[in-house]
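Asks: For reference, the structure I am asking about is given below.
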Amino acid sequence: MKAKPQLELIYLDMTLKMPFKWNTGEPLGEFFRELKANEKIYANQCPTCGRNYCPPANICTRDHSRCNEKDKWVAVGPKGTLLTFFICEQSFLIPTTGEMLEVPFSVGLVMLDGAPVVLQHCLQETDVEKIKPGMRVEAVFKPKEERKGNIFDIIHFKTIKE
């Protein structure tokens with residue numbers, strides 16, 4: 001049996017710039033407006049089953065009810081309790097900015113005060129010996145003039161003593 005001849009592959013090492021716009025929808029858009037203008041983090045609640053969402057959701061993932069009633073929104077945080085975390089030693093591209101994350105960086109799941117909701121976000125602390133589940137953290141916001149109306153208006157969550 002004859003072996004097929006191998007094709008020589010040509011590789012192009014390049015970075016593509018692909019600008020695009022993404023419609024956030026009404027709840028997420030309002031969430032980002034409040035984050036940018038007032039440093040307020042909001043959650044909403046499903047009117048049927050009571051499940052809470054942060055960032056706010058259009059539709060409940062449990063029972064598919066519409067969750068668009070603004071009067072059901074509750075301000076949460078900026079403080080919370082760290083549930084779990086990880087520390088990453090390898091950088092990756094932030095899809096919304098095109099920038100590489102500096103390593104090491106840490107990400108935590110924060111149970112925000114005010115409603116039973118969890119927000120995943122960067123932590124200031126990167127020393128594994130200094131981070132513990134159950135510790136108290138608080139959101140640190142960018143200065144108002146630097147905010148863009150996205151989740152990165154929260155720089156990170158810093159450790160606090162209470």
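Every chain in the structure tokens takes a letter, A first, then B, and so on in the order presented; its residues are numbered from 1, and the ligands are numbered from 1 following the presented order.
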Taking only residues of segment 69-119 of chain A that have an atom at most 12 Å from an atom of segment 135-156 of chain A, what is each one's shortest atom pair and its distance in Å to one decimal, using only C-alpha atoms, in chain and number order, as a Markdown table?

Replies:
| residue | atom | partner | partner_atom | distance |
| --- | --- | --- | --- | --- |
| A:Val76 | CA | A:Ala139 | CA | 10.9 |
| A:Gly77 | CA | A:Glu138 | CA | 7.5 |
| A:Pro78 | CA | A:Ala139 | CA | 5.2 |
| A:Lys79 | CA | A:Glu138 | CA | 4.2 |
| A:Gly80 | CA | A:Val137 | CA | 5.5 |
| A:Thr81 | CA | A:Arg136 | CA | 4.7 |
| A:Leu82 | CA | A:Met135 | CA | 5.5 |
| A:Leu83 | CA | A:Met135 | CA | 8.1 |
| A:Thr84 | CA | A:Met135 | CA | 9.7 |
| A:Phe85 | CA | A:Met135 | CA | 11.1 |
| A:Ile94 | CA | A:Phe152 | CA | 10.5 |
| A:Pro95 | CA | A:Phe152 | CA | 11.9 |
| A:Thr96 | CA | A:Asn150 | CA | 9.2 |
| A:Thr97 | CA | A:Phe152 | CA | 9.7 |
| A:Phe105 | CA | A:His156 | CA | 10.4 |
| A:Ser106 | CA | A:His156 | CA | 9.5 |
| A:Val107 | CA | A:His156 | CA | 8.8 |
| A:Gly108 | CA | A:His156 | CA | 9.6 |
| A:Leu109 | CA | A:Val137 | CA | 10.6 |
| A:Val110 | CA | A:Val137 | CA | 7.9 |
| A:Met111 | CA | A:Val137 | CA | 9.6 |
| A:Leu112 | CA | A:Glu138 | CA | 9.0 |
| A:Asp113 | CA | A:Glu138 | CA | 10.0 |
| A:Leu119 | CA | A:Ile151 | CA | 10.4 |

Asks: Would you please give, as a list of chain:residue names, all residues of segment 13-158 of chain A that DSSP assigns to helix (DSSP H, G or I) based on the backbone?

Replies: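 Residues of segment 13-158 of chain A classed as helix (DSSP H, G or I): A:Glu26, A:Pro27, A:Leu28, A:Gly29, A:Glu30, A:Phe31, A:Phe32, A:Arg33, A:Glu34, A:Leu35, A:Lys36, A:Ala37, A:Asn38, A:Lys70, A:Asp71, A:Lys72, A:Val128, A:Glu129, A:Lys130, A:Lys144, A:Glu145, A:Glu146, A:Ile151, A:Phe152, A:Asp153.
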
Asks: List every residue of segment 23-42 of chain A that has an atom at most 7 Å from any atom of segment 52-63 of chain A, and for each one report the closest atom pair and its distance in Å to one decimal, counting only C-alpha atoms, with rows sorted by chain and then by increasing residue number, as a tab-separated table.

Replies:
residue	atom	partner	partner_atom	distance
A:Pro27	CA	A:Pro56	CA	5.7
A:Leu28	CA	A:Pro56	CA	6.0
A:Phe31	CA	A:Pro55	CA	6.7
A:Tyr42	CA	A:Cys54	CA	6.6

Asks: Filtering to C-alpha atoms, could you give me those residues as a tab-separated table (two decimals), in the first residue's frame?

Replies:
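As written to disk, part12.tsv reads:
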chain	number	residue	atom	x	y	z
A	27	PRO	CA	-30.84	43.59	32.88
A	28	LEU	CA	-27.12	43.25	32.24
A	31	PHE	CA	-26.27	46.26	35.96
A	42	TYR	CA	-27.19	44.47	41.93
